[in-house]
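Undergrad: Sharing run.txt below, compact mmCIF, C-alpha atoms:
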```txt
# COMPACT_ATOMS: atom_id res chain seq x y z
CA MET A 6 -187.43 -41.07 115.49
CA LYS A 7 -186.38 -44.38 113.96
CA ILE A 8 -187.13 -45.66 110.48
CA TYR A 9 -186.84 -49.31 109.47
CA LEU A 10 -185.18 -49.42 106.04
CA ALA A 11 -186.78 -52.40 104.28
CA GLY A 12 -185.89 -53.57 100.81
CA PRO A 13 -184.11 -56.05 98.59
CA ASP A 14 -181.14 -53.68 98.94
CA VAL A 15 -179.79 -56.30 101.37
CA PHE A 16 -179.31 -58.61 98.37
CA LEU A 17 -177.05 -56.18 96.45
CA PRO A 18 -173.33 -56.93 96.25
CA ASP A 19 -172.74 -53.50 97.86
CA ALA A 20 -175.60 -53.85 100.36
CA LEU A 21 -173.62 -52.43 103.29
CA GLU A 22 -172.75 -49.29 101.36
CA ILE A 23 -176.40 -48.74 100.33
CA GLY A 24 -177.36 -49.12 103.99
CA TRP A 25 -174.83 -46.47 105.00
CA ARG A 26 -176.04 -44.09 102.26
CA LYS A 27 -179.67 -44.55 103.37
CA ALA A 28 -178.81 -44.02 107.04
CA GLU A 29 -176.85 -40.90 106.12
CA ILE A 30 -179.84 -39.46 104.23
CA CYS A 31 -182.05 -40.21 107.26
CA ALA A 32 -179.55 -38.46 109.56
CA ARG A 33 -179.63 -35.36 107.33
CA HIS A 34 -183.40 -35.23 107.94
CA GLY A 35 -183.01 -35.71 111.69
CA LEU A 36 -184.04 -39.38 111.64
CA ILE A 37 -182.31 -42.63 112.58
CA GLY A 38 -182.30 -45.28 109.86
CA LEU A 39 -182.26 -48.91 110.98
CA PHE A 40 -180.86 -51.14 108.23
CA PRO A 41 -181.23 -54.95 108.56
CA LEU A 42 -177.51 -55.49 107.97
CA ASP A 43 -176.73 -53.38 111.06
CA ASN A 44 -177.54 -56.60 112.93
CA VAL A 45 -174.39 -58.70 113.17
CA ILE A 46 -175.28 -62.26 112.15
CA ASP A 47 -172.96 -65.27 111.88
CA LEU A 48 -174.07 -66.56 108.46
CA SER A 49 -172.27 -69.86 109.07
CA ALA A 50 -174.39 -70.54 112.18
CA ARG A 51 -176.97 -73.32 111.98
CA ASP A 52 -179.84 -70.94 112.77
CA ALA A 53 -178.55 -67.99 110.74
CA SER A 54 -181.89 -67.39 108.96
CA LEU A 55 -183.75 -67.44 112.28
CA ASP A 56 -181.21 -64.99 113.73
CA ILE A 57 -181.79 -62.65 110.75
CA PHE A 58 -185.56 -62.89 111.28
CA GLY A 59 -185.23 -62.15 114.98
CA GLY A 60 -182.93 -59.20 114.35
CA ASN A 61 -185.24 -57.70 111.71
CA GLU A 62 -188.34 -58.18 113.85
CA ALA A 63 -186.68 -56.53 116.84
CA MET A 64 -185.68 -53.58 114.63
CA MET A 65 -189.24 -53.23 113.33
CA ILE A 66 -190.63 -53.25 116.87
CA GLU A 67 -188.12 -50.54 117.80
CA ALA A 68 -188.88 -48.38 114.75
CA ASP A 69 -191.58 -45.69 114.44
CA ALA A 70 -191.94 -46.07 110.70
CA ILE A 71 -190.92 -48.14 107.68
CA ILE A 72 -189.65 -47.03 104.30
CA ALA A 73 -190.04 -50.01 101.98
CA ASN A 74 -188.19 -50.31 98.68
CA LEU A 75 -190.97 -51.84 96.57
CA THR A 76 -189.03 -51.83 93.28
CA PRO A 77 -189.97 -55.12 91.51
CA PHE A 78 -187.67 -57.97 92.45
CA ARG A 79 -187.31 -61.17 90.37
CA GLY A 80 -190.66 -60.72 88.69
CA SER A 81 -193.56 -58.35 88.44
CA SER A 82 -193.98 -57.56 92.16
CA ALA A 83 -191.91 -56.28 95.05
CA ASP A 84 -189.60 -58.49 97.14
CA ALA A 85 -191.60 -60.86 99.34
CA GLY A 86 -189.56 -60.17 102.49
CA THR A 87 -190.05 -56.43 102.11
CA VAL A 88 -193.78 -56.83 101.52
CA TYR A 89 -194.06 -59.01 104.63
CA GLU A 90 -192.33 -56.28 106.62
CA LEU A 91 -194.63 -53.57 105.25
CA GLY A 92 -197.60 -55.67 106.35
CA TYR A 93 -196.05 -56.28 109.76
CA MET A 94 -195.52 -52.55 110.35
CA ALA A 95 -199.03 -51.70 109.12
CA GLY A 96 -200.41 -54.35 111.48
CA ARG A 97 -198.55 -52.73 114.37
CA GLY A 98 -199.95 -49.30 113.47
CA LYS A 99 -196.59 -47.81 112.46
CA LEU A 100 -196.22 -45.12 109.81
CA CYS A 101 -195.80 -46.78 106.40
CA LEU A 102 -193.91 -45.31 103.45
CA GLY A 103 -192.59 -46.88 100.29
CA TYR A 104 -191.11 -46.20 96.90
CA CYS A 105 -190.78 -48.03 93.62
CA ASN A 106 -188.06 -47.03 91.16
CA ASP A 107 -189.99 -48.65 88.29
CA PRO A 108 -192.85 -46.32 87.26
CA THR A 109 -194.58 -49.01 85.12
CA LEU A 110 -198.13 -49.98 86.07
CA TYR A 111 -198.60 -53.53 87.34
CA ALA A 112 -200.67 -54.82 84.40
CA ASP A 113 -198.09 -53.47 81.93
CA ARG A 114 -195.22 -54.96 83.93
CA VAL A 115 -196.85 -58.42 83.97
CA ARG A 116 -196.93 -58.25 80.14
CA LYS A 117 -193.12 -58.39 80.15
CA PHE A 118 -193.25 -61.84 81.73
CA THR A 119 -196.35 -63.52 80.30
CA THR A 120 -199.13 -63.14 77.75
CA VAL A 121 -201.95 -60.97 79.10
CA GLU A 122 -205.39 -61.14 77.48
CA ARG A 123 -208.86 -59.86 78.21
CA GLN A 124 -211.12 -62.79 79.16
CA GLY A 125 -214.69 -61.67 79.66
CA GLY A 126 -214.60 -58.71 82.02
CA ARG A 127 -211.08 -59.29 83.35
CA LEU A 128 -207.43 -59.36 82.32
CA ALA A 129 -205.85 -62.80 82.62
CA ASP A 130 -202.32 -64.18 82.27
CA ALA A 131 -201.24 -67.27 80.31
CA ASP A 132 -202.40 -69.50 83.21
CA GLY A 133 -205.84 -67.88 83.27
CA LEU A 134 -205.13 -66.06 86.55
CA THR A 135 -206.53 -62.55 86.86
CA VAL A 136 -204.09 -59.66 86.40
CA GLU A 137 -205.01 -56.74 88.67
CA ASP A 138 -205.86 -53.81 86.42
CA PHE A 139 -206.59 -50.88 88.72
CA GLY A 140 -203.91 -48.56 87.30
CA LEU A 141 -201.71 -49.23 90.34
CA SER A 142 -197.98 -49.93 90.55
CA ASP A 143 -198.34 -53.29 92.30
CA ASN A 144 -200.82 -55.43 94.25
CA LEU A 145 -203.53 -53.21 95.74
CA MET A 146 -202.96 -54.40 99.31
CA MET A 147 -199.50 -52.81 99.49
CA ILE A 148 -200.36 -49.72 97.51
CA HIS A 149 -203.46 -48.87 99.55
CA ALA A 150 -201.71 -49.80 102.80
CA LEU A 151 -199.39 -46.90 102.05
CA ASP A 152 -202.33 -44.61 101.18
CA LEU A 153 -204.18 -45.42 104.40
CA HIS A 154 -201.39 -46.13 106.89
CA GLY A 155 -198.82 -43.55 105.82
CA CYS A 156 -197.93 -41.80 102.59
CA THR A 157 -198.78 -42.64 98.98
CA LEU A 158 -196.18 -44.71 97.09
CA VAL A 159 -193.37 -42.60 95.66
CA THR A 160 -192.41 -43.40 92.06
CA PRO A 161 -190.18 -41.44 89.67
CA ARG A 162 -191.73 -40.17 86.42
CA GLN A 163 -189.05 -42.10 84.54
CA ALA A 164 -187.07 -45.10 85.77
CA PRO A 165 -183.62 -43.94 86.93
CA ALA A 166 -180.59 -45.27 85.06
CA ASP A 167 -179.63 -47.39 88.07
CA LEU A 168 -182.80 -48.96 89.52
CA TRP A 169 -181.00 -50.30 92.60
CA HIS A 170 -178.71 -47.42 93.53
CA ASP A 171 -180.71 -44.29 92.76
CA LEU A 172 -181.98 -42.97 96.10
CA THR A 173 -183.98 -39.96 94.86
CA ALA A 174 -187.38 -41.56 95.54
CA PHE A 175 -186.05 -42.92 98.83
CA GLU A 176 -185.01 -39.41 99.91
CA THR A 177 -188.50 -38.10 99.05
CA CYS A 178 -189.89 -40.74 101.43
CA VAL A 179 -187.43 -39.70 104.15
CA GLY A 180 -188.54 -36.07 103.78
CA MET A 181 -192.21 -37.09 104.07
CA ALA A 182 -191.45 -39.30 107.08
CA ALA A 183 -189.58 -36.46 108.79
CA GLY A 184 -192.56 -34.17 108.18
CA ARG A 185 -195.08 -36.69 109.48
CA LEU A 186 -193.07 -37.85 112.47
CA GLY A 187 -192.12 -34.27 113.33
CA ALA A 188 -195.80 -33.29 113.19
CA THR A 189 -196.71 -36.24 115.44
CA LEU A 190 -194.00 -35.24 117.89
CA ALA A 191 -195.19 -31.61 117.87
CA ARG A 192 -198.78 -32.75 118.60
CA ALA A 193 -197.60 -35.07 121.37
CA SER A 194 -195.62 -32.33 123.11
CA SER A 195 -198.24 -29.57 122.71
CA MET B 23 -213.16 -68.87 115.70
CA LYS B 24 -212.60 -67.07 112.41
CA ILE B 25 -209.84 -67.68 109.88
CA TYR B 26 -208.88 -65.23 107.15
CA LEU B 27 -208.32 -67.22 103.96
CA ALA B 28 -205.52 -65.39 102.12
CA GLY B 29 -204.12 -66.38 98.77
CA PRO B 30 -203.93 -65.78 95.04
CA ASP B 31 -206.96 -68.10 94.87
CA VAL B 32 -208.94 -64.87 94.34
CA PHE B 33 -207.28 -64.59 90.92
CA LEU B 34 -208.48 -68.03 89.70
CA PRO B 35 -211.29 -68.14 87.13
CA ASP B 36 -213.25 -70.28 89.65
CA ALA B 37 -212.25 -68.18 92.66
CA LEU B 38 -215.73 -68.17 94.21
CA GLU B 39 -215.91 -71.97 94.13
CA ILE B 40 -212.46 -72.32 95.75
CA GLY B 41 -213.63 -69.94 98.47
CA TRP B 42 -216.71 -72.03 99.12
CA ARG B 43 -214.62 -75.25 99.25
CA LYS B 44 -212.19 -73.65 101.72
CA ALA B 45 -215.02 -72.32 103.91
CA GLU B 46 -216.66 -75.76 103.88
CA ILE B 47 -213.41 -77.42 105.05
CA CYS B 48 -213.17 -74.82 107.84
CA ALA B 49 -216.78 -75.53 108.88
CA ARG B 50 -216.03 -79.27 109.10
CA HIS B 51 -213.31 -78.37 111.63
CA GLY B 52 -215.61 -76.08 113.61
CA LEU B 53 -214.10 -72.88 112.22
CA ILE B 54 -215.46 -69.98 110.17
CA GLY B 55 -213.50 -69.20 107.02
CA LEU B 56 -213.51 -65.58 105.82
CA PHE B 57 -212.75 -65.39 102.10
CA PRO B 58 -211.97 -61.99 100.51
CA LEU B 59 -214.58 -62.48 97.81
CA ASP B 60 -217.29 -62.76 100.49
CA ASN B 61 -217.10 -58.95 100.46
CA VAL B 62 -219.46 -57.65 97.79
CA ILE B 63 -217.56 -55.05 95.74
CA ASP B 64 -218.75 -53.11 92.72
CA LEU B 65 -215.75 -53.61 90.43
CA SER B 66 -216.95 -50.85 88.13
CA ALA B 67 -216.84 -48.29 90.96
CA ARG B 68 -214.14 -45.63 90.81
CA ASP B 69 -212.64 -46.69 94.13
CA ALA B 70 -213.08 -50.44 93.64
CA SER B 71 -209.49 -51.29 94.63
CA LEU B 72 -209.79 -49.18 97.80
CA ASP B 73 -213.08 -50.92 98.62
CA ILE B 74 -211.38 -54.30 98.21
CA PHE B 75 -208.55 -53.17 100.51
CA GLY B 76 -211.00 -51.92 103.13
CA GLY B 77 -213.02 -55.12 103.00
CA ASN B 78 -209.95 -57.33 103.33
CA GLU B 79 -208.51 -55.28 106.19
CA ALA B 80 -211.82 -55.38 108.09
CA MET B 81 -211.93 -59.17 107.63
CA MET B 82 -208.36 -59.51 108.93
CA ILE B 83 -209.17 -57.41 112.00
CA GLU B 84 -212.22 -59.62 112.63
CA ALA B 85 -210.28 -62.89 112.19
CA ASP B 86 -208.39 -64.83 114.89
CA ALA B 87 -205.95 -66.40 112.45
CA ILE B 88 -204.76 -66.43 108.86
CA ILE B 89 -204.13 -69.36 106.54
CA ALA B 90 -202.02 -68.01 103.68
CA ASN B 91 -201.65 -69.81 100.36
CA LEU B 92 -197.95 -69.16 99.72
CA THR B 93 -197.73 -71.22 96.51
CA PRO B 94 -195.43 -69.24 94.15
CA PHE B 95 -197.33 -66.77 91.99
CA ARG B 96 -195.90 -65.24 88.77
CA GLY B 97 -192.32 -65.91 89.78
CA SER B 98 -190.23 -67.52 92.45
CA SER B 99 -192.07 -66.17 95.52
CA ALA B 100 -195.57 -66.08 96.93
CA ASP B 101 -198.23 -63.55 95.85
CA ALA B 102 -197.40 -60.07 97.16
CA GLY B 103 -200.91 -59.35 98.43
CA THR B 104 -200.96 -62.59 100.41
CA VAL B 105 -197.52 -61.90 101.87
CA TYR B 106 -198.63 -58.41 102.92
CA GLU B 107 -201.62 -59.95 104.68
CA LEU B 108 -199.45 -62.51 106.46
CA GLY B 109 -197.26 -59.68 107.73
CA TYR B 110 -200.30 -57.66 108.78
CA MET B 111 -201.71 -60.55 110.80
CA ALA B 112 -198.31 -61.30 112.40
CA GLY B 113 -198.03 -57.61 113.31
CA ARG B 114 -201.41 -57.77 115.01
CA GLY B 115 -200.39 -60.85 117.00
CA LYS B 116 -202.83 -63.20 115.25
CA LEU B 117 -202.15 -66.91 114.74
CA CYS B 118 -200.31 -67.39 111.42
CA LEU B 119 -200.48 -70.49 109.24
CA GLY B 120 -199.53 -71.07 105.64
CA TYR B 121 -199.02 -73.68 102.97
CA CYS B 122 -197.14 -73.89 99.69
CA ASN B 123 -198.19 -76.50 97.11
CA ASP B 124 -194.75 -76.32 95.46
CA PRO B 125 -192.25 -78.30 97.58
CA THR B 126 -189.20 -76.87 95.75
CA LEU B 127 -186.65 -74.95 97.82
CA TYR B 128 -186.35 -71.23 97.04
CA ALA B 129 -182.83 -71.33 95.59
CA ASP B 130 -183.81 -74.19 93.27
CA ARG B 131 -186.99 -72.41 92.21
CA VAL B 132 -185.08 -69.23 91.32
CA ARG B 133 -182.93 -71.36 88.99
CA LYS B 134 -186.03 -71.90 86.81
CA PHE B 135 -186.20 -68.15 86.10
CA THR B 136 -182.56 -66.98 86.00
CA THR B 137 -178.97 -68.14 86.08
CA VAL B 138 -177.78 -68.76 89.63
CA GLU B 139 -174.06 -68.88 90.37
CA ARG B 140 -171.85 -68.95 93.43
CA GLN B 141 -170.02 -65.60 93.77
CA GLY B 142 -167.59 -65.65 96.67
CA GLY B 143 -169.46 -66.87 99.70
CA ARG B 144 -172.97 -66.33 98.30
CA LEU B 145 -175.36 -67.46 95.58
CA ALA B 146 -176.22 -64.70 93.11
CA ASP B 147 -178.67 -64.35 90.21
CA ALA B 148 -177.93 -62.98 86.73
CA ASP B 149 -178.21 -59.40 88.10
CA GLY B 150 -175.71 -60.13 90.88
CA LEU B 151 -178.42 -60.05 93.57
CA THR B 152 -178.05 -62.57 96.39
CA VAL B 153 -180.28 -65.64 96.24
CA GLU B 154 -181.29 -66.74 99.76
CA ASP B 155 -179.88 -70.21 100.30
CA PHE B 156 -181.06 -71.33 103.73
CA GLY B 157 -182.86 -74.47 102.55
CA LEU B 158 -186.22 -72.72 102.96
CA SER B 159 -189.25 -72.67 100.67
CA ASP B 160 -189.33 -68.88 100.24
CA ASN B 161 -188.01 -65.64 101.76
CA LEU B 162 -187.00 -66.23 105.38
CA MET B 163 -189.25 -63.47 106.78
CA MET B 164 -192.43 -65.31 105.81
CA ILE B 165 -191.19 -68.78 106.61
CA HIS B 166 -189.94 -67.88 110.10
CA ALA B 167 -192.99 -65.70 110.76
CA LEU B 168 -194.97 -68.93 110.50
CA ASP B 169 -192.48 -70.76 112.76
CA LEU B 170 -192.60 -68.09 115.45
CA HIS B 171 -196.13 -66.69 115.17
CA GLY B 172 -198.08 -69.83 114.39
CA CYS B 173 -197.35 -73.15 112.73
CA THR B 174 -194.51 -74.18 110.41
CA LEU B 175 -195.24 -73.91 106.66
CA VAL B 176 -197.10 -76.94 105.29
CA THR B 177 -195.76 -78.32 101.99
CA PRO B 178 -196.61 -81.58 100.24
CA ARG B 179 -193.78 -84.06 99.65
CA GLN B 180 -194.60 -83.90 95.94
CA ALA B 181 -196.37 -81.11 94.08
CA PRO B 182 -200.03 -82.07 93.53
CA ALA B 183 -201.24 -82.49 89.94
CA ASP B 184 -203.31 -79.30 90.27
CA LEU B 185 -201.26 -76.68 92.13
CA TRP B 186 -204.17 -74.25 92.44
CA HIS B 187 -207.07 -76.56 93.29
CA ASP B 188 -205.55 -79.23 95.54
CA LEU B 189 -206.57 -78.36 99.10
CA THR B 190 -204.79 -81.18 100.96
CA ALA B 191 -202.11 -78.90 102.45
CA PHE B 192 -204.78 -76.27 103.15
CA GLU B 193 -206.83 -78.82 105.10
CA THR B 194 -203.74 -79.75 107.15
CA CYS B 195 -203.46 -76.06 108.09
CA VAL B 196 -207.14 -75.94 109.06
CA GLY B 197 -206.66 -78.97 111.32
CA MET B 198 -203.66 -77.32 112.99
CA ALA B 199 -205.54 -74.03 113.39
CA ALA B 200 -208.51 -75.84 114.96
CA GLY B 201 -206.14 -77.55 117.39
CA ARG B 202 -204.35 -74.33 118.32
CA LEU B 203 -207.44 -72.14 118.54
CA GLY B 204 -209.33 -74.87 120.44
CA ALA B 205 -206.45 -75.15 122.91
CA THR B 206 -206.44 -71.35 123.36
CA LEU B 207 -210.18 -71.41 123.94
CA ALA B 208 -209.85 -74.23 126.49
CA ARG B 209 -207.13 -72.30 128.35
CA ALA B 210 -209.20 -69.12 128.29
CA SER B 211 -212.26 -70.84 129.78
CA SER B 212 -210.41 -72.93 132.41
```
Could you express the structure from this file as C-alpha cells?
TA:
Amino acid sequence: MKIYLAGPDVFLPDALEIGWRKAEICARHGLIGLFPLDNVIDLSARDASLDIFGGNEAMMIEADAIIANLTPFRGSSADAGTVYELGYMAGRGKLCLGYCNDPTLYADRVRKFTTVERQGGRLADADGLTVEDFGLSDNLMMIHALDLHGCTLVTPRQAPADLWHDLTAFETCVGMAAGRLGATLARASS
Amino acid sequence: MKIYLAGPDVFLPDALEIGWRKAEICARHGLIGLFPLDNVIDLSARDASLDIFGGNEAMMIEADAIIANLTPFRGSSADAGTVYELGYMAGRGKLCLGYCNDPTLYADRVRKFTTVERQGGRLADADGLTVEDFGLSDNLMMIHALDLHGCTLVTPRQAPADLWHDLTAFETCVGMAAGRLGATLARASS
C-alpha cells in the first residue's frame, strides 16, 4: 500500500534526507512512502513548476493514502500546498492522515502574529476578521477532514525540540495508516 | 449550474452581505452561488465546527464548480480552509476557478514577513526554508490546479482599494464559469 508523503518538508535544506527517513519508516511498517522529491524534475526547465505539479498529482492518484505534515508554515496555518493535497486526496476518497508538531490551538497561535480581541460573540484579529475558536489546531476544514476521512490529527503533547525533523508524530500516523490499510486489505480478501 | 463560493469572506464582519452580493452576481450570469453561511448552524452547539464541515462538504458535493477567493489571509498564502476546498473540488473532478485580489508574486509577498536570501541555487527564508520562486502568485499546487482543472487564476493588475470587498476579479471568474459550464451543457445536450 502506498502513502503520499505531503508536507513543507520539501522546502527544508535537507529535504531529500527527510524524504528518505520518512520512506524508511513507512517500509518498517510494510508501506511504500511516495515523497514528492522522488520525482526527478529539471528545475531550470521553463515549465518546472508545472512538471512538479504533474509529478505530485500522479503520485497522489497512485497512492492509497496521504500523511500530511500540517505543522504551521510561515504563519498560523499549515503549508498551502500540503493543505491543497489533503483536500485533493479527501476528494478522491483516499485515506487521510496528518500530524502537526505544534500542539498550540489555532486561536492561541494567531495571537503570536496579531492582536486578537473578542468583538460581540466572536474573536477577531486586528483586521476585524473572525479567528476560528473551536479549540482546534487549525482551520476546521482540514481538522475534520481527518476526523471523517481518515484518522484524527496527531499532535505531540509538547512541541519537539526540532519542529521540522522530529518524526515521532509522523511515525504514529504511519502506524495508524498501516493498521487501517491492513484492515481494508483483510476485508477485501476475506 | 451551482458554484461553491469558497473564501475567507466568511470571516468578514459583513460576511452575510458579501455572500448575498456574490450570489447575486452568480444569478446575473445564470448560475446559482452556494455560500457556506447559507447553511444554518447553531454556533453554540457542542459540535458546531463539525456541523459547519458537514454543511460545507455537502454543498461542495452538490456544486458543479468552485470559485475560490485565494487572496492572502493572515500571511503570505491563501486561507487554509479555502485551499482545502479547492483541493477537494479538484479531487472530485469539478471545475476549479479562483481569484486573488493581491497581484504580488509569492516570493515578493514572503519578503514582507521575513528575510529572503539566495542560498546556493534557491531562495530561502530566515528559517532556511525554500521560498518558491516560479513567478507565481502562491504555492504552485493551487495555481496549477486552476490551470489544469479549470481556469487560470484571476488577479487584478493593481490591488483594489478594498481587498476584501472588491468583487471585480470574482465577477470575472463567474463570467468564465458561466462560459465553461454553458459550453459543457451545450455539448451534453447536442
Undergrad: Only residues of chain B matter here; which ones have an atom within 9 Å of chain A, counting only C-alpha atoms? Give them as a VMD selection string.
TA: chain B and resid 30 to 35 70 to 72 74 to 76 78 to 79 96 to 115 132 135 to 136 146 150 to 154 156 160 to 164 166 to 167
Undergrad: So, counting all atoms listed in the file, which residue among A:Glu176, A:Glu122, A:Glu22, A:Asp107 is closest to A:Ala164?
TA: A:Asp107
Undergrad: Please return the centre and edge lengths, in Å to one decimal, of a box with edges along x, y and z that contains all listed atoms of stretch 192-197 of chain B, widened by 8 Å on every side, as AutoDock Vina command-line options.
TA:
```
--center_x -205.3 --center_y -77.8 --center_z 107.2 --size_x 19.7 --size_y 19.8 --size_z 24.2
```
Undergrad: Between atom CA of B:Cys48 and atom CA of B:Trp186, what is the distance, to one decimal in Å?
TA: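 Those two atoms sit 17.8 Å apart.
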Undergrad: Report, in Å with one decimal, the straight-line distance from atom CA of A:Gly38 to atom CA of A:Pro165.
TA: 23.0 Å
Undergrad: Would you mind reading off the distance between atom CA of A:Leu168 and atom CA of A:Cys156, one decimal, in Å?
TA: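 Straight-line distance from atom CA of A:Leu168 to atom CA of A:Cys156 works out to 21.2 Å.
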Undergrad: In terms of the shortest atom-to-atom distance over all atoms listed in the file, which of A:Pro108, A:Gly35, A:Gly24, A:Gly155 is closest to A:Arg185?
TA: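 Among the listed residues, A:Gly155 lies closest to A:Arg185.
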Undergrad: Mind rebuilding stretch 28-54 of chain B with N, CA and C atoms and writing that out as an mmCIF file, keeping the file's coordinate frame?
TA:
```cif
data_model
loop_
_atom_site.group_PDB
_atom_site.id
_atom_site.type_symbol
_atom_site.label_atom_id
_atom_site.label_comp_id
_atom_site.auth_asym_id
_atom_site.auth_seq_id
_atom_site.Cartn_x
_atom_site.Cartn_y
_atom_site.Cartn_z
ATOM 1 N N ALA B 28 -206.306 -66.230 103.039
ATOM 2 C CA ALA B 28 -205.520 -65.390 102.120
ATOM 3 C C ALA B 28 -204.905 -66.234 101.027
ATOM 4 N N GLY B 29 -204.815 -65.668 99.846
ATOM 5 C CA GLY B 29 -204.120 -66.380 98.770
ATOM 6 C C GLY B 29 -204.475 -65.837 97.414
ATOM 7 N N PRO B 30 -203.641 -66.190 96.416
ATOM 8 C CA PRO B 30 -203.930 -65.780 95.040
ATOM 9 C C PRO B 30 -205.099 -66.567 94.456
ATOM 10 N N ASP B 31 -205.741 -67.392 95.277
ATOM 11 C CA ASP B 31 -206.960 -68.100 94.870
ATOM 12 C C ASP B 31 -207.987 -67.115 94.303
ATOM 13 N N VAL B 32 -207.978 -65.876 94.823
ATOM 14 C CA VAL B 32 -208.940 -64.870 94.340
ATOM 15 C C VAL B 32 -208.733 -64.534 92.865
ATOM 16 N N PHE B 33 -207.567 -64.891 92.325
ATOM 17 C CA PHE B 33 -207.280 -64.590 90.920
ATOM 18 C C PHE B 33 -207.649 -65.748 89.978
ATOM 19 N N LEU B 34 -208.099 -66.877 90.541
ATOM 20 C CA LEU B 34 -208.480 -68.030 89.700
ATOM 21 C C LEU B 34 -209.807 -67.737 88.993
ATOM 22 N N PRO B 35 -210.004 -68.345 87.814
ATOM 23 C CA PRO B 35 -211.290 -68.140 87.130
ATOM 24 C C PRO B 35 -212.458 -68.665 87.971
ATOM 25 N N ASP B 36 -212.205 -69.721 88.783
ATOM 26 C CA ASP B 36 -213.250 -70.280 89.650
ATOM 27 C C ASP B 36 -212.998 -69.915 91.117
ATOM 28 N N ALA B 37 -212.617 -68.655 91.319
ATOM 29 C CA ALA B 37 -212.250 -68.180 92.660
ATOM 30 C C ALA B 37 -213.376 -68.381 93.685
ATOM 31 N N LEU B 38 -214.602 -68.062 93.276
ATOM 32 C CA LEU B 38 -215.730 -68.170 94.210
ATOM 33 C C LEU B 38 -215.883 -69.606 94.703
ATOM 34 N N GLU B 39 -215.749 -70.552 93.778
ATOM 35 C CA GLU B 39 -215.910 -71.970 94.130
ATOM 36 C C GLU B 39 -214.820 -72.418 95.099
ATOM 37 N N ILE B 40 -213.578 -71.990 94.841
ATOM 38 C CA ILE B 40 -212.460 -72.320 95.750
ATOM 39 C C ILE B 40 -212.761 -71.762 97.138
ATOM 40 N N GLY B 41 -213.269 -70.559 97.194
ATOM 41 C CA GLY B 41 -213.630 -69.940 98.470
ATOM 42 C C GLY B 41 -214.658 -70.757 99.218
ATOM 43 N N TRP B 42 -215.674 -71.211 98.484
ATOM 44 C CA TRP B 42 -216.710 -72.030 99.120
ATOM 45 C C TRP B 42 -216.112 -73.334 99.652
ATOM 46 N N ARG B 43 -215.241 -73.974 98.824
ATOM 47 C CA ARG B 43 -214.620 -75.250 99.250
ATOM 48 C C ARG B 43 -213.789 -75.027 100.516
ATOM 49 N N LYS B 44 -213.031 -73.933 100.540
ATOM 50 C CA LYS B 44 -212.190 -73.650 101.720
ATOM 51 C C LYS B 44 -213.065 -73.399 102.954
ATOM 52 N N ALA B 45 -214.130 -72.632 102.776
ATOM 53 C CA ALA B 45 -215.020 -72.320 103.910
ATOM 54 C C ALA B 45 -215.680 -73.601 104.423
ATOM 55 N N GLU B 46 -216.000 -74.505 103.497
ATOM 56 C CA GLU B 46 -216.660 -75.760 103.880
ATOM 57 C C GLU B 46 -215.696 -76.630 104.692
ATOM 58 N N ILE B 47 -214.430 -76.670 104.287
ATOM 59 C CA ILE B 47 -213.410 -77.420 105.050
ATOM 60 C C ILE B 47 -213.270 -76.822 106.453
ATOM 61 N N CYS B 48 -213.239 -75.487 106.533
ATOM 62 C CA CYS B 48 -213.170 -74.820 107.840
ATOM 63 C C CYS B 48 -214.360 -75.237 108.705
ATOM 64 N N ALA B 49 -215.553 -75.203 108.120
ATOM 65 C CA ALA B 49 -216.780 -75.530 108.880
ATOM 66 C C ALA B 49 -216.701 -76.953 109.431
ATOM 67 N N ARG B 50 -216.171 -77.877 108.627
ATOM 68 C CA ARG B 50 -216.030 -79.270 109.100
ATOM 69 C C ARG B 50 -215.124 -79.357 110.318
ATOM 70 N N HIS B 51 -214.212 -78.394 110.472
ATOM 71 C CA HIS B 51 -213.310 -78.370 111.630
ATOM 72 C C HIS B 51 -213.796 -77.406 112.711
ATOM 73 N N GLY B 52 -215.034 -76.955 112.573
ATOM 74 C CA GLY B 52 -215.610 -76.080 113.610
ATOM 75 C C GLY B 52 -215.145 -74.644 113.538
ATOM 76 N N LEU B 53 -214.621 -74.240 112.361
ATOM 77 C CA LEU B 53 -214.100 -72.880 112.220
ATOM 78 C C LEU B 53 -214.877 -72.120 111.134
ATOM 79 N N ILE B 54 -214.804 -70.809 111.186
ATOM 80 C CA ILE B 54 -215.460 -69.980 110.170
ATOM 81 C C ILE B 54 -214.395 -69.392 109.252
#
```
